[in-house]
$ cat protein.pdb   # PDB, C-alpha atoms and all ligand atoms
ATOM      1  CA  MET A   1     -86.198 -41.627 -53.093
ATOM      2  CA  ASN A   2     -87.993 -39.834 -50.227
ATOM      3  CA  TYR A   3     -91.210 -38.414 -51.678
ATOM      4  CA  CYS A   4     -93.782 -39.793 -54.074
ATOM      5  CA  SER A   5     -93.454 -38.342 -57.583
ATOM      6  CA  LEU A   6     -97.228 -38.715 -58.030
ATOM      7  CA  CYS A   7     -98.686 -37.226 -54.836
ATOM      8  CA  GLY A   8     -95.725 -35.773 -52.919
ATOM      9  CA  ALA A   9     -96.295 -37.834 -49.750
ATOM     10  CA  GLU A  10     -93.476 -39.593 -47.920
ATOM     11  CA  ILE A  11     -92.209 -42.909 -49.220
ATOM     12  CA  GLY A  12     -91.365 -45.939 -47.120
ATOM     13  CA  VAL A  13     -89.479 -49.097 -47.962
ATOM     14  CA  ARG A  14     -91.450 -52.325 -47.540
ATOM     15  CA  VAL A  15     -92.273 -55.587 -49.275
ATOM     16  CA  PRO A  16     -95.597 -55.089 -51.087
ATOM     17  CA  GLU A  17     -98.229 -57.814 -50.873
ATOM     18  CA  GLY A  18     -97.520 -60.562 -53.384
ATOM     19  CA  ASP A  19     -93.922 -59.373 -53.890
ATOM     20  CA  ASN A  20     -90.753 -60.814 -52.398
ATOM     21  CA  ARG A  21     -88.391 -57.879 -52.092
ATOM     22  CA  PRO A  22     -88.395 -54.423 -50.494
ATOM     23  CA  ARG A  23     -89.718 -51.608 -52.696
ATOM     24  CA  HIS A  24     -90.211 -47.860 -52.368
ATOM     25  CA  VAL A  25     -93.932 -47.560 -51.615
ATOM     26  CA  CYS A  26     -95.921 -44.342 -51.159
ATOM     27  CA  GLY A  27     -97.594 -44.217 -47.744
ATOM     28  CA  ALA A  28    -100.506 -42.136 -49.088
ATOM     29  CA  CYS A  29    -101.439 -43.288 -52.604
ATOM     30  CA  GLY A  30     -99.834 -46.744 -52.428
ATOM     31  CA  THR A  31     -97.882 -46.353 -55.677
ATOM     32  CA  ILE A  32     -94.923 -48.746 -55.874
ATOM     33  CA  HIS A  33     -91.874 -46.945 -57.317
ATOM     34  CA  TYR A  34     -89.929 -49.791 -58.939
ATOM     35  CA  GLN A  35     -86.218 -49.298 -59.512
ATOM     36  CA  ASN A  36     -84.597 -51.492 -62.142
ATOM     37  CA  PRO A  37     -81.181 -51.668 -63.822
ATOM     38  CA  LYS A  38     -80.355 -49.326 -66.690
ATOM     39  CA  VAL A  39     -79.106 -50.291 -70.131
ATOM     40  CA  VAL A  40     -75.971 -48.555 -71.414
ATOM     41  CA  VAL A  41     -75.576 -48.762 -75.202
ATOM     42  CA  GLY A  42     -72.525 -47.867 -77.237
ATOM     43  CA  CYS A  43     -70.358 -48.548 -80.257
ATOM     44  CA  ILE A  44     -66.950 -49.830 -81.203
ATOM     45  CA  PRO A  45     -66.622 -47.603 -84.288
ATOM     46  CA  GLU A  46     -64.280 -49.140 -86.870
ATOM     47  CA  TRP A  47     -62.376 -47.483 -89.704
ATOM     48  CA  GLY A  48     -60.259 -50.138 -91.418
ATOM     49  CA  ASP A  49     -58.009 -51.551 -88.700
ATOM     50  CA  GLN A  50     -58.539 -48.552 -86.446
ATOM     51  CA  ILE A  51     -61.165 -47.879 -83.818
ATOM     52  CA  LEU A  52     -62.456 -44.596 -82.483
ATOM     53  CA  LEU A  53     -62.175 -43.592 -78.826
ATOM     54  CA  CYS A  54     -63.334 -40.472 -76.967
ATOM     55  CA  ARG A  55     -61.482 -38.680 -74.180
ATOM     56  CA  ARG A  56     -63.995 -37.781 -71.482
ATOM     57  CA  ALA A  57     -64.750 -34.121 -70.738
ATOM     58  CA  ILE A  58     -66.931 -35.009 -67.741
ATOM     59  CA  GLU A  59     -66.668 -36.888 -64.461
ATOM     60  CA  PRO A  60     -66.363 -39.673 -63.640
ATOM     61  CA  ARG A  61     -62.963 -40.404 -65.174
ATOM     62  CA  LEU A  62     -62.474 -37.006 -66.790
ATOM     63  CA  GLY A  63     -59.528 -37.087 -69.216
ATOM     64  CA  PHE A  64     -59.651 -40.870 -69.672
ATOM     65  CA  TRP A  65     -60.486 -42.654 -72.928
ATOM     66  CA  THR A  66     -63.678 -44.562 -73.563
ATOM     67  CA  LEU A  67     -65.924 -45.970 -76.257
ATOM     68  CA  PRO A  68     -68.904 -43.738 -77.089
ATOM     69  CA  ALA A  69     -71.749 -45.051 -74.909
ATOM     70  CA  GLY A  70     -74.560 -43.858 -72.683
ATOM     71  CA  PHE A  71     -77.983 -44.603 -71.266
ATOM     72  CA  MET A  72     -80.592 -45.922 -73.629
ATOM     73  CA  GLU A  73     -83.559 -43.561 -74.091
ATOM     74  CA  ARG A  74     -87.213 -44.512 -74.055
ATOM     75  CA  GLY A  75     -88.694 -45.305 -77.454
ATOM     76  CA  GLU A  76     -85.458 -46.266 -79.178
ATOM     77  CA  THR A  77     -83.822 -49.581 -80.043
ATOM     78  CA  THR A  78     -80.466 -50.530 -78.547
ATOM     79  CA  GLN A  79     -78.882 -50.160 -82.017
ATOM     80  CA  ASP A  80     -80.379 -46.688 -82.480
ATOM     81  CA  GLY A  81     -79.231 -45.703 -79.003
ATOM     82  CA  ALA A  82     -75.664 -46.864 -79.692
ATOM     83  CA  ALA A  83     -75.563 -44.838 -82.926
ATOM     84  CA  ARG A  84     -77.103 -41.792 -81.196
ATOM     85  CA  GLU A  85     -74.540 -41.861 -78.381
ATOM     86  CA  THR A  86     -71.758 -42.160 -80.963
ATOM     87  CA  PHE A  87     -73.065 -39.090 -82.750
ATOM     88  CA  GLU A  88     -73.504 -37.121 -79.494
ATOM     89  CA  GLU A  89     -70.070 -37.915 -78.060
ATOM     90  CA  ALA A  90     -67.995 -38.127 -81.236
ATOM     91  CA  GLN A  91     -70.130 -36.411 -83.910
ATOM     92  CA  ALA A  92     -69.569 -39.623 -85.835
ATOM     93  CA  ARG A  93     -72.063 -41.306 -88.136
ATOM     94  CA  VAL A  94     -71.997 -45.102 -88.085
ATOM     95  CA  ASP A  95     -73.663 -48.153 -89.528
ATOM     96  CA  VAL A  96     -74.269 -50.538 -86.658
ATOM     97  CA  ILE A  97     -73.004 -54.008 -87.622
ATOM     98  CA  ASP A  98     -73.958 -56.251 -84.701
ATOM     99  CA  LEU A  99     -73.897 -56.721 -80.955
ATOM    100  CA  TYR A 100     -70.421 -57.682 -79.803
ATOM    101  CA  ALA A 101     -70.262 -57.405 -75.993
ATOM    102  CA  LEU A 102     -72.860 -57.693 -73.246
ATOM    103  CA  PHE A 103     -71.628 -57.029 -69.716
ATOM    104  CA  ASN A 104     -73.497 -57.164 -66.397
ATOM    105  CA  LEU A 105     -72.376 -54.614 -63.791
ATOM    106  CA  PRO A 106     -74.654 -55.628 -60.908
ATOM    107  CA  HIS A 107     -72.884 -53.445 -58.298
ATOM    108  CA  ILE A 108     -74.069 -50.328 -60.155
ATOM    109  CA  ASP A 109     -77.237 -51.843 -61.674
ATOM    110  CA  GLN A 110     -76.144 -51.427 -65.274
ATOM    111  CA  VAL A 111     -76.097 -53.668 -68.333
ATOM    112  CA  TYR A 112     -73.713 -52.669 -71.116
ATOM    113  CA  MET A 113     -74.458 -53.521 -74.745
ATOM    114  CA  LEU A 114     -71.637 -52.567 -77.123
ATOM    115  CA  PHE A 115     -72.041 -52.901 -80.874
ATOM    116  CA  ARG A 116     -69.437 -53.181 -83.619
ATOM    117  CA  SER A 117     -70.105 -50.428 -86.091
ATOM    118  CA  ARG A 118     -68.607 -48.968 -89.244
ATOM    119  CA  LEU A 119     -67.736 -45.279 -89.454
ATOM    120  CA  LEU A 120     -69.358 -43.789 -92.552
ATOM    121  CA  ASP A 121     -66.762 -41.030 -92.967
ATOM    122  CA  LEU A 122     -64.001 -39.211 -91.102
ATOM    123  CA  ASN A 123     -66.062 -36.137 -90.211
ATOM    124  CA  PHE A 124     -65.967 -36.766 -86.479
ATOM    125  CA  GLY A 125     -64.965 -34.513 -83.610
ATOM    126  CA  PRO A 126     -65.532 -33.983 -79.900
ATOM    127  CA  GLY A 127     -69.156 -33.683 -78.779
ATOM    128  CA  GLU A 128     -70.239 -31.921 -75.556
ATOM    129  CA  GLU A 129     -69.002 -34.734 -73.319
ATOM    130  CA  SER A 130     -65.631 -35.287 -75.024
ATOM    131  CA  LEU A 131     -62.333 -33.385 -74.956
ATOM    132  CA  GLU A 132     -60.881 -35.200 -77.928
ATOM    133  CA  VAL A 133     -61.884 -37.946 -80.355
ATOM    134  CA  ARG A 134     -59.457 -39.937 -82.466
ATOM    135  CA  LEU A 135     -58.744 -43.195 -84.246
ATOM    136  CA  PHE A 136     -56.348 -45.703 -82.710
ATOM    137  CA  ASP A 137     -54.386 -48.612 -84.120
ATOM    138  CA  GLU A 138     -54.260 -51.540 -81.721
ATOM    139  CA  ALA A 139     -50.633 -50.703 -80.836
ATOM    140  CA  GLU A 140     -51.624 -47.147 -79.855
ATOM    141  CA  ILE A 141     -54.468 -47.995 -77.448
ATOM    142  CA  PRO A 142     -53.758 -46.110 -74.178
ATOM    143  CA  TRP A 143     -54.411 -49.137 -71.939
ATOM    144  CA  ASP A 144     -53.427 -47.265 -68.758
ATOM    145  CA  GLU A 145     -55.792 -44.408 -69.553
ATOM    146  CA  ILE A 146     -58.982 -46.338 -70.313
ATOM    147  CA  ALA A 147     -61.878 -44.905 -68.296
ATOM    148  CA  PHE A 148     -63.781 -48.022 -67.231
ATOM    149  CA  PRO A 149     -63.084 -51.741 -66.710
ATOM    150  CA  VAL A 150     -65.989 -52.656 -69.036
ATOM    151  CA  VAL A 151     -64.330 -50.744 -71.887
ATOM    152  CA  ARG A 152     -60.905 -52.255 -71.188
ATOM    153  CA  GLU A 153     -62.327 -55.811 -71.118
ATOM    154  CA  THR A 154     -64.320 -55.219 -74.308
ATOM    155  CA  LEU A 155     -61.262 -53.910 -76.158
ATOM    156  CA  LYS A 156     -59.095 -56.823 -74.957
ATOM    157  CA  LEU A 157     -61.654 -59.317 -76.255
ATOM    158  CA  TYR A 158     -62.120 -57.362 -79.465
ATOM    159  CA  PHE A 159     -58.456 -57.338 -80.461
ATOM    160  CA  ALA A 160     -57.997 -60.997 -79.464
ATOM    161  CA  ASP A 161     -61.027 -61.969 -81.567
ATOM    162  CA  ARG A 162     -59.775 -59.913 -84.489
ATOM    163  CA  LYS A 163     -56.509 -61.894 -84.438
ATOM    164  CA  ALA A 164     -58.541 -65.116 -84.305
ATOM    165  CA  GLY A 165     -60.499 -64.001 -87.359
ATOM    166  CA  GLY A 166     -64.050 -63.460 -86.087
ATOM    167  CA  TYR A 167     -66.261 -61.597 -83.653
ATOM    168  CA  PRO A 168     -68.552 -63.956 -81.711
ATOM    169  CA  LEU A 169     -70.927 -62.358 -79.229
ATOM    170  CA  ARG A 170     -69.082 -61.990 -75.929
ATOM    171  CA  SER A 171     -70.655 -61.696 -72.522
ATOM    172  CA  GLY A 172     -69.419 -61.360 -68.993
ATOM    173  CA  ASP A 173     -69.785 -59.945 -65.512
ATOM    174  CA  ILE A 174     -67.754 -57.158 -63.972
ATOM    175  CA  THR A 175     -68.199 -56.800 -60.231
ATOM    176  CA  ARG A 176     -66.474 -54.590 -57.724
ATOM    177  CA  SER A 177     -64.585 -56.464 -55.043
ATOM    178  CA  PRO A 178     -66.363 -55.839 -51.695
ATOM    179  CA  GLU A 179     -63.033 -55.875 -49.822
ATOM    180  CA  GLU A 180     -61.181 -53.541 -52.183
ATOM    181  CA  PRO A 181     -63.464 -51.019 -53.880
ATOM    182  CA  ARG A 182     -60.865 -50.154 -56.533
ATOM    183  CA  ARG A 183     -60.457 -53.783 -57.642
ATOM    184  CA  TYR A 184     -62.800 -55.464 -60.067
ATOM    185  CA  ARG A 185     -63.594 -59.095 -60.718
ATOM    186  CA  VAL A 186     -64.102 -60.054 -64.325
ATOM    187  CA  ARG A 187     -65.850 -63.174 -65.523
ATOM    188  CA  ILE A 188     -66.101 -63.861 -69.249
ATOM    189  CA  TYR A 189     -68.701 -66.502 -70.143
ATOM    190  CA  GLY A 190     -67.513 -69.398 -72.286
ATOM    191  CA  ASP A 191     -63.869 -68.660 -71.449
ATOM    192  CA  ARG A 192     -61.622 -71.618 -70.852
TER     193      ARG A 192
HETATM  194 ZN    ZN A 201     -98.116 -41.148 -53.609
END
$ encode --input "protein.pdb" --output "structure tokens" --more "lines below"
Ligand SMILES: [Zn+2]
Amino acid sequence: MNYCSLCGAEIGVRVPEGDNRPRHVCGACGTIHYQNPKVVVGCIPEWGDQILLCRRAIEPRLGFWTLPAGFMERGETTQDGAARETFEEAQARVDVIDLYALFNLPHIDQVYMLFRSRLLDLNFGPGEESLEVRLFDEAEIPWDEIAFPVVRETLKLYFADRKAGGYPLRSGDITRSPEEPRRYRVRIYGDR
């Protein structure tokens, strides 16, 4: 951020009075432009024992499979956002059941909230951001072609919990290793 979105003057980075961390502050009008993490909401759409995945038509990770998810919009609930993203990316209508996975991704300032949901019918298909949308049995999940670590970890937990007979709320952290940018560290809370 270089220029103030209110008055157009140059922005500097400094700790405002009464604050304790550097912020983007306008040198002319004094507006503090706060930057905070974003919430990504999405669904694990279920149809019997199958779940729905989308193959990405956009970067990053074009051609890889993911759960339908995206940035929460202003004025909506997390549940509504998850259902909206599922409709946009997979043209699929769902009933949201409950929150299943909450992941912190502090290295990219994102919080993921993924909800179990029930597909209402089989009239789904690729939205603008998907090449292909289909249902998968657990045995068919393309583990080597999953787009993001947060999706892989969520699916691993999901199928393990299904075998155990229930879906408790799961939460964890996924952080990029500072030494090796392609490696991720995963911490699941409450894991033994
Ligand atoms: Zn300004």
$ closest_atom_pairs --input "protein.pdb" --of "chain A" --to "ligand ZN 201 (chain A)" --cutoff "7 Å" --atoms "all atoms listed in the file" --output "Markdown table"
| residue | atom | partner | partner_atom | distance |
| --- | --- | --- | --- | --- |
| A:Cys4 | CA | A:ZN201 | ZN | 4.6 |
| A:Ser5 | CA | A:ZN201 | ZN | 6.7 |
| A:Leu6 | CA | A:ZN201 | ZN | 5.1 |
| A:Cys7 | CA | A:ZN201 | ZN | 4.1 |
| A:Gly8 | CA | A:ZN201 | ZN | 5.9 |
| A:Ala9 | CA | A:ZN201 | ZN | 5.4 |
| A:Cys26 | CA | A:ZN201 | ZN | 4.6 |
| A:Gly27 | CA | A:ZN201 | ZN | 6.6 |
| A:Ala28 | CA | A:ZN201 | ZN | 5.2 |
| A:Cys29 | CA | A:ZN201 | ZN | 4.1 |
| A:Gly30 | CA | A:ZN201 | ZN | 6.0 |
| A:Thr31 | CA | A:ZN201 | ZN | 5.6 |
$ resolve_selection --input "protein.pdb" --expression "the PyMOL selection byres (((chain A and resi 61-72) around 8) and not hetatm)" --output "number ranges by chain"
A: 38-44, 52-60, 73-74, 76, 78, 81-82, 85-86, 89-90, 114, 131, 142, 145-148, 151
$ atom_distance --input "protein.pdb" --atom1 "CA of Ala160 (chain A)" --atom2 "CA of Glu129 (chain A)"
29.1 Å
$ residues_around --input "protein.pdb" --residues "region 97-103 of chain A" --least-positions-apart "4" --cutoff "9 Å" --atoms "only C-alpha atoms" --output "PyMOL selection string"
chain A and resi 43-44+79+110-118+150+154+157-158+167-174+188
$ resolve_selection --input "protein.pdb" --expression "the PyMOL selection byres (((chain A and resi 120) around 8) and not hetatm)" --output "list in words"
Ala92, Arg93, Val94, Asp95, Arg118, Leu119, Asp121 and Leu122 of chain A
$ atom_distance --input "protein.pdb" --atom1 "CA of His24 (chain A)" --atom2 "CA of Asp109 (chain A)"
16.5 Å
$ atom_distance --input "protein.pdb" --atom1 "CA of Arg187 (chain A)" --atom2 "CA of Ile108 (chain A)"
16.2 Å
$ closest_residue --input "protein.pdb" --among "A:Gln50, A:Asn20, A:Thr175, A:Asn36" --to "Arg162 (chain A)" --atoms "all atoms listed in the file"
A:Gln50
$ residues_around --input "protein.pdb" --residues "Glu17 (chain A)" --least-positions-apart "4" --cutoff "12 Å" --atoms "only C-alpha atoms" --output "ChimeraX atom specification"
/A:21-23,25,30,32
$ axis_aligned_box --input "protein.pdb" --around "region 47-55 of chain A" --padding-each-side "8 Å" --output "lines of an AutoDock Vina configuration file"
center_x = -60.7
center_y = -45.1
center_z = -82.8
size_x = 21.3
size_y = 28.9
size_z = 33.2
$ closest_residue --input "protein.pdb" --among "A:Ala83, A:Val13, A:Met1, A:Ile51" --to "Phe159 (chain A)" --atoms "only C-alpha atoms"
A:Ile51
